[in-house]
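**Q** Hey, dropping query-v1.csv in here, CSV, C-alpha atoms and all ligand atoms:
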```csv
chain,number,residue,atom,x,y,z
K,1,MET,CA,-37.0,48.9,-12.2
K,2,SER,CA,-36.1,46.2,-9.6
K,3,LEU,CA,-38.0,45.6,-6.4
K,4,ALA,CA,-34.7,46.3,-4.5
K,5,SER,CA,-34.8,49.9,-5.7
K,6,ILE,CA,-38.3,50.4,-4.3
K,7,ARG,CA,-38.8,52.3,-1.0
K,8,LEU,CA,-41.9,51.6,1.1
K,9,ARG,CA,-43.0,54.0,3.9
K,10,ARG,CA,-46.0,55.4,5.6
K,11,ALA,CA,-47.7,58.2,3.6
K,12,GLU,CA,-47.2,61.8,4.7
K,13,PRO,CA,-49.3,64.9,4.1
K,14,SER,CA,-46.7,66.1,1.5
K,15,ASP,CA,-47.7,63.0,-0.6
K,16,LEU,CA,-51.2,64.2,-1.3
K,17,ALA,CA,-50.7,65.7,-4.7
K,18,ALA,CA,-48.8,62.6,-6.0
K,19,ILE,CA,-51.4,60.2,-4.5
K,20,LEU,CA,-54.3,62.1,-6.1
K,21,ALA,CA,-52.5,62.3,-9.5
K,22,LEU,CA,-51.9,58.5,-9.5
K,23,GLU,CA,-55.4,57.7,-8.3
K,24,ARG,CA,-57.0,60.0,-10.9
K,25,ALA,CA,-54.9,58.4,-13.6
K,26,THR,CA,-55.9,54.8,-12.6
K,27,GLU,CA,-59.3,53.7,-14.0
K,28,ASN,CA,-59.9,50.7,-11.7
K,29,ALA,CA,-58.8,52.5,-8.5
K,30,PRO,CA,-61.5,53.5,-5.9
K,31,HIS,CA,-62.0,57.2,-6.4
K,32,TRP,CA,-62.3,59.2,-3.2
K,33,PRO,CA,-62.7,63.0,-2.7
K,34,PRO,CA,-59.4,64.9,-2.1
K,35,LYS,CA,-60.5,65.7,1.4
K,36,ALA,CA,-60.7,62.1,2.3
K,37,TYR,CA,-57.1,61.6,1.4
K,38,ALA,CA,-56.1,64.9,3.2
K,39,ASP,CA,-57.9,63.8,6.4
K,40,LEU,CA,-56.3,60.4,6.3
K,41,LEU,CA,-52.8,61.8,5.7
K,42,ALA,CA,-53.3,64.5,8.4
K,43,THR,CA,-54.3,61.9,11.1
K,44,PRO,CA,-52.6,58.6,10.4
K,45,ASP,CA,-54.2,55.7,12.2
K,46,ALA,CA,-57.3,57.8,12.7
K,47,GLY,CA,-58.4,59.0,9.3
K,48,SER,CA,-62.0,59.3,8.4
K,49,LEU,CA,-63.2,58.3,5.0
K,50,THR,CA,-66.7,57.5,6.4
K,51,THR,CA,-68.8,58.9,9.1
K,52,GLU,CA,-68.1,56.0,11.4
K,53,PRO,CA,-66.5,57.1,14.6
K,54,ALA,CA,-63.0,56.0,15.7
K,55,THR,CA,-62.0,54.1,12.7
K,56,GLN,CA,-58.3,53.4,12.1
K,57,ARG,CA,-56.6,53.6,8.8
K,58,CYS,CA,-53.1,53.2,7.5
K,59,MET,CA,-51.6,54.3,4.2
K,60,PHE,CA,-48.4,53.2,2.7
K,61,VAL,CA,-46.6,54.6,-0.4
K,62,ALA,CA,-44.0,53.0,-2.7
K,63,GLU,CA,-41.3,55.2,-4.2
K,64,THR,CA,-38.6,54.7,-6.8
K,65,PRO,CA,-35.5,56.8,-7.5
K,66,ALA,CA,-36.6,59.6,-9.8
K,67,GLN,CA,-34.9,60.2,-13.1
K,68,SER,CA,-33.4,63.5,-12.0
K,69,GLU,CA,-29.9,64.8,-11.1
K,70,VAL,CA,-30.8,65.1,-7.4
K,71,GLN,CA,-29.9,61.7,-5.9
K,72,SER,CA,-32.3,62.1,-3.0
K,73,ASP,CA,-35.3,62.5,-5.3
K,74,PHE,CA,-37.9,59.8,-5.2
K,75,GLN,CA,-41.1,59.5,-7.2
K,76,LEU,CA,-44.3,57.9,-5.8
K,77,VAL,CA,-45.3,54.9,-7.9
K,78,GLY,CA,-47.9,53.3,-5.7
K,79,PHE,CA,-50.0,53.4,-2.6
K,80,ALA,CA,-52.3,51.2,-0.5
K,81,VAL,CA,-54.9,51.9,2.3
K,82,GLY,CA,-55.9,49.6,5.1
K,83,PHE,CA,-58.7,49.9,7.6
K,84,ILE,CA,-59.9,48.3,10.8
K,85,LEU,CA,-62.5,49.1,13.4
K,86,PRO,CA,-61.1,49.3,17.0
K,87,ALA,CA,-61.3,45.9,18.7
K,88,ASP,CA,-62.3,44.1,15.5
K,89,ASP,CA,-60.3,41.2,14.3
K,90,VAL,CA,-61.0,41.6,10.5
K,91,GLY,CA,-59.0,44.2,8.7
K,92,GLU,CA,-59.8,45.5,5.2
K,93,LEU,CA,-57.6,46.3,2.2
K,94,GLU,CA,-59.4,49.4,0.8
K,95,SER,CA,-57.2,50.3,-2.0
K,96,VAL,CA,-54.0,49.4,-3.8
K,97,VAL,CA,-52.7,51.2,-6.8
K,98,VAL,CA,-49.5,50.9,-8.8
K,99,ALA,CA,-48.5,53.2,-11.6
K,100,SER,CA,-49.0,51.4,-15.0
K,101,SER,CA,-45.3,51.9,-15.9
K,102,GLN,CA,-44.2,50.1,-12.7
K,103,ARG,CA,-46.4,47.0,-12.7
K,104,ARG,CA,-45.5,43.3,-12.5
K,105,ALA,CA,-42.4,44.1,-10.4
K,106,GLY,CA,-43.8,43.1,-7.0
K,107,VAL,CA,-44.8,46.6,-5.9
K,108,GLY,CA,-48.5,45.8,-5.4
K,109,ARG,CA,-47.6,42.7,-3.4
K,110,ALA,CA,-45.2,44.6,-1.2
K,111,LEU,CA,-47.8,47.3,-0.5
K,112,CYS,CA,-50.4,44.7,0.3
K,113,SER,CA,-48.0,43.0,2.7
K,114,ALA,CA,-47.3,46.3,4.5
K,115,VAL,CA,-51.1,46.8,5.0
K,116,PHE,CA,-51.5,43.2,6.2
K,117,ASP,CA,-48.6,43.5,8.7
K,118,TRP,CA,-50.3,46.7,10.0
K,119,CYS,CA,-53.6,44.9,10.3
K,120,ARG,CA,-51.9,42.1,12.2
K,121,ALA,CA,-50.3,44.7,14.6
K,122,GLN,CA,-53.9,46.1,15.2
K,123,GLY,CA,-55.0,42.6,16.2
K,124,ALA,CA,-56.6,41.4,13.0
K,125,THR,CA,-56.6,37.7,12.3
K,126,GLU,CA,-58.1,38.1,8.8
K,127,VAL,CA,-58.3,40.6,6.0
K,128,MET,CA,-61.2,41.1,3.6
K,129,LEU,CA,-61.7,43.2,0.5
K,130,GLU,CA,-64.1,44.0,-2.3
K,131,VAL,CA,-62.9,44.1,-5.9
K,132,ARG,CA,-64.5,44.8,-9.2
K,133,SER,CA,-65.1,41.5,-11.0
K,134,SER,CA,-63.5,43.0,-14.1
K,135,SER,CA,-60.3,43.9,-12.3
K,136,VAL,CA,-58.3,41.0,-13.7
K,137,ALA,CA,-54.9,42.1,-12.4
K,138,ALA,CA,-56.1,42.9,-8.9
K,139,ILE,CA,-57.9,39.5,-8.6
K,140,ALA,CA,-54.7,37.8,-9.8
K,141,LEU,CA,-52.6,39.7,-7.2
K,142,TYR,CA,-55.0,38.8,-4.4
K,143,THR,CA,-55.3,35.2,-5.4
K,144,SER,CA,-51.5,34.9,-5.6
K,145,MET,CA,-51.4,36.1,-2.0
K,146,GLY,CA,-53.8,33.4,-0.8
K,147,PHE,CA,-57.2,35.2,-0.9
K,148,THR,CA,-60.2,33.1,-1.6
K,149,ALA,CA,-63.7,34.3,-2.8
K,150,THR,CA,-66.4,34.3,-0.2
K,151,GLY,CA,-69.2,36.1,-2.0
K,152,ARG,CA,-70.4,38.3,-4.8
K,153,ARG,CA,-72.5,41.5,-4.8
K,154,PRO,CA,-74.3,41.9,-8.1
K,155,ARG,CA,-74.1,45.4,-9.6
K,156,TYR,CA,-72.4,46.8,-6.5
K,157,TYR,CA,-70.3,49.3,-8.5
K,158,SER,CA,-71.5,52.0,-10.9
K,159,GLU,CA,-69.8,54.0,-13.7
K,160,PRO,CA,-69.2,51.4,-15.0
K,161,GLU,CA,-71.6,49.0,-13.5
K,162,ASP,CA,-69.9,45.9,-12.2
K,163,ASP,CA,-70.3,43.1,-9.6
K,164,ALA,CA,-68.1,43.1,-6.4
K,165,LEU,CA,-66.3,40.0,-5.5
K,166,LEU,CA,-65.7,39.5,-1.8
K,167,LEU,CA,-62.3,38.0,-0.9
K,168,ARG,CA,-60.8,36.9,2.4
K,169,LEU,CA,-57.3,36.0,3.7
K,170,PRO,CA,-56.6,34.5,7.1
K,171,LEU,CA,-53.6,36.4,8.5
K,172,THR,CA,-52.4,33.4,10.4
K,173,VAL,CA,-51.0,32.3,7.0
K,174,LYS,CA,-48.2,34.8,6.3
K,175,PRO,CA,-48.5,35.8,2.6
I,201,LIG,C1,-53.6,45.4,-9.2
I,201,LIG,C2,-52.2,46.1,-9.1
I,201,LIG,C3,-52.2,46.9,-7.8
I,201,LIG,C4,-51.1,45.1,-9.1
I,201,LIG,O1,-49.9,45.8,-8.9
I,201,LIG,P1,-48.5,45.1,-9.4
I,201,LIG,O2,-47.4,45.9,-8.8
I,201,LIG,O3,-48.4,45.0,-10.9
I,201,LIG,O4,-48.5,43.7,-8.8
I,201,LIG,P2,-47.3,42.7,-8.5
I,201,LIG,O5,-46.2,43.0,-9.5
I,201,LIG,O6,-47.0,42.8,-7.1
I,201,LIG,O7,-47.9,41.3,-8.8
I,201,LIG,C5,-47.8,40.2,-7.9
I,201,LIG,C6,-48.5,39.0,-8.6
I,201,LIG,O8,-49.9,39.3,-8.9
I,201,LIG,C7,-50.3,38.7,-10.1
I,201,LIG,N1,-50.6,39.7,-11.1
I,201,LIG,C8,-50.5,41.0,-10.9
I,201,LIG,N2,-50.9,41.7,-12.1
I,201,LIG,C9,-51.3,40.7,-12.9
I,201,LIG,C10,-51.8,40.8,-14.3
I,201,LIG,N3,-52.0,41.9,-14.9
I,201,LIG,N4,-52.1,39.6,-14.9
I,201,LIG,C11,-51.9,38.4,-14.2
I,201,LIG,N5,-51.4,38.3,-13.0
I,201,LIG,C12,-51.1,39.5,-12.3
I,201,LIG,C13,-49.1,37.8,-10.5
I,201,LIG,O9,-49.2,36.6,-9.9
I,201,LIG,C14,-48.0,38.6,-9.9
I,201,LIG,O10,-46.8,37.8,-9.8
I,201,LIG,P3,-45.8,37.6,-11.0
I,201,LIG,O11,-45.6,39.0,-11.6
I,201,LIG,O12,-44.6,37.0,-10.4
I,201,LIG,O13,-46.5,36.7,-12.0
I,201,LIG,C15,-52.1,47.0,-10.4
I,201,LIG,O14,-52.3,46.3,-11.5
I,201,LIG,C16,-53.0,48.2,-10.4
I,201,LIG,O15,-52.7,49.3,-9.8
I,201,LIG,N6,-54.2,48.1,-11.0
I,201,LIG,C17,-55.1,49.2,-11.1
I,201,LIG,C18,-55.8,49.5,-9.8
I,201,LIG,C19,-56.5,48.4,-9.2
I,201,LIG,O16,-57.2,47.6,-9.9
I,201,LIG,N7,-56.4,48.2,-7.8
I,201,LIG,C20,-57.1,47.2,-7.1
I,201,LIG,C21,-58.4,47.6,-6.6
I,201,LIG,S1,-58.2,48.8,-5.3
```
Can you give me the file's structure in the form of structure tokens?
**A**
Amino acid sequence: MSLASIRLRRAEPSDLAAILALERATENAPHWPPKAYADLLATPDAGSLTTEPATQRCMFVAETPAQSEVQSDFQLVGFAVGFILPADDVGELESVVVASSQRRAGVGRALCSAVFDWCRAQGATEVMLEVRSSSVAAIALYTSMGFTATGRRPRYYSEPEDDALLLRLPLTVKP
């Protein structure tokens, strides 16, 4: 697969099953209840994964032409979720997942860039994220995009237990 064959677009309600299947198949992905994804897809830019009022989220998907006889068929190979509070200037990358068969081809970087552009458009000047300290690939991706570590939360994650690394990226530097 080449990056040129990848299509990036905003997620739609019809993507729910494919998103859930990819998330469930990916050990290091944050795991959210199906309803959280359904709500997010039903109300883009106003999804609610938490009880906070008036949060804004975006979700992007990456697709590649499917191995089928129908030329218009695409299969979902990745997704990413961004978050920002209204009037805040710090966005958050909440999740980025790429199918294991499609990794190291630039899909993760493209999905992150889409989220960062959306954060910029919402007024963010910075993006932060939390990542499992054992997520070697994700940390390498974030570092390659210019993120630097700003903190560590010991035993932040459970099942399996792990520390969270806190990373930040100024959006004035275009990744
Ligand atoms: C992290 C993840 C999204 C990366 O997706 P990807 O499409 O493979 O990433 P890219 O191809 O865009 O990688 C861009 C750069 O990141 C770095 N990188 C990515 N994966 C890496 C790995 N396994 N080892 C070392 N460096 C890596 C490299 O610098 C790479 O550039 P290069 O291929 O030119 O060397 C993917 O591995 C994944 O889905 N992991 C499981 C879920 C997860 O941990 N998500 C993050 C927490 S939400």
**Q** Measuring between all atoms listed in the file, which one of K:Gln75, K:Thr143, K:Thr125, K:Gln56 shows the shortest distance to ligand LIG 201 (chain I)?
**A** K:Thr143
**Q** What does the list of residues within 7 Å of ligand LIG 201 (chain I) look like if you count only C-alpha atoms and all ligand atoms, written as a compact mmCIF listing (two decimals) with C-alpha atoms, in the frame of the given file?
**A**
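result-v4.txt, written as the output of this step:
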```txt
# COMPACT_ATOMS: atom_id res chain seq x y z
CA THR K 26 -55.90 54.80 -12.60
CA GLU K 27 -59.30 53.70 -14.00
CA ASN K 28 -59.90 50.70 -11.70
CA ALA K 29 -58.80 52.50 -8.50
CA PRO K 30 -61.50 53.50 -5.90
CA GLU K 94 -59.40 49.40 0.80
CA SER K 95 -57.20 50.30 -2.00
CA VAL K 96 -54.00 49.40 -3.80
CA VAL K 97 -52.70 51.20 -6.80
CA VAL K 98 -49.50 50.90 -8.80
CA ALA K 99 -48.50 53.20 -11.60
CA SER K 100 -49.00 51.40 -15.00
CA GLN K 102 -44.20 50.10 -12.70
CA ARG K 103 -46.40 47.00 -12.70
CA ARG K 104 -45.50 43.30 -12.50
CA ALA K 105 -42.40 44.10 -10.40
CA GLY K 106 -43.80 43.10 -7.00
CA VAL K 107 -44.80 46.60 -5.90
CA GLY K 108 -48.50 45.80 -5.40
CA ARG K 109 -47.60 42.70 -3.40
CA ALA K 110 -45.20 44.60 -1.20
CA VAL K 131 -62.90 44.10 -5.90
CA SER K 135 -60.30 43.90 -12.30
CA VAL K 136 -58.30 41.00 -13.70
CA ALA K 137 -54.90 42.10 -12.40
CA ALA K 138 -56.10 42.90 -8.90
CA ALA K 140 -54.70 37.80 -9.80
CA LEU K 141 -52.60 39.70 -7.20
CA TYR K 142 -55.00 38.80 -4.40
CA SER K 144 -51.50 34.90 -5.60
```
**Q** Please measure the separation of CA of Ile139 (chain K) and CA of Asp89 (chain K), giving the value in Å to one decimal.
**A**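 Distance reported for this atom pair: 23.1 Å.
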**Q** Name all residues at most 8 Å from Phe147 (chain K) (count all atoms listed in the file; drop same-chain ones fewer than 6 positions away) and give them as a list in words.
**A** Leu167, Arg168 and Leu169 of chain K
**Q** Would you save the residues of that selection, restricted to C-alpha atoms, as a PDB file, keeping the file's coordinate frame?
**A**
```
ATOM      1  CA  LEU K 167     -62.300  38.000  -0.900  1.00  0.00           C
ATOM      2  CA  ARG K 168     -60.800  36.900   2.400  1.00  0.00           C
ATOM      3  CA  LEU K 169     -57.300  36.000   3.700  1.00  0.00           C
TER       4      LEU K 169
END
```
**Q** Go through K:Trp118, K:Glu159, K:Leu8, K:Arg152 one by one, measure the shortest atom-to-atom distance of each to Gly78 (chain K) using all atoms listed in the file, and give the residue with the smallest value.
**A**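 Smallest separation from Gly78 (chain K) among the options: K:Leu8.
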**Q** What does the distance between CA of Ala124 (chain K) and CA of Leu171 (chain K) come to in Å, to one decimal place?
**A** 7.4 Å
**Q** Please check which residues have atoms at most 12 Å from (-59.6, 43.4, 23.0) in the file's coordinates, counting only C-alpha atoms, and write them as a list in words.
**A** Leu85, Pro86, Ala87, Asp88, Asp89, Gln122, Gly123 and Ala124 of chain K
**Q** Counting only C-alpha atoms, which of K:Asp163, K:Glu63, K:Glu130, K:Asp117 gets nearest to Arg7 (chain K)?
**A**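 Selected residue with least distance to Arg7 (chain K): K:Glu63.
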**Q** Report, in Å with one decimal, the straight-line distance from CA of Arg153 (chain K) to CA of Arg132 (chain K).
**A**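 These atoms are spaced 9.7 Å apart.
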**Q** Taking all atoms listed in the file into account, name the residue in K:Met59, K:Ile19, K:Ile6, K:Val90 that is nearest to Leu40 (chain K).
**A**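 With all atoms listed in the file as the atom set, the closest residue is K:Met59.
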**Q** Got a sec: who's within 12 Å of Pro65 (chain K), counting only C-alpha atoms, leaving out chain neighbours fewer than 6 positions off, as a ChimeraX atom specification?
**A** /K:1-8,71-77
**Q** Which of these, K:Ala25, K:Leu93, K:Ala66, K:Ala42, has the shortest distance to Leu111 (chain K) once you count all atoms listed in the file?
**A**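 Result for the nearest residue to Leu111 (chain K): K:Leu93.
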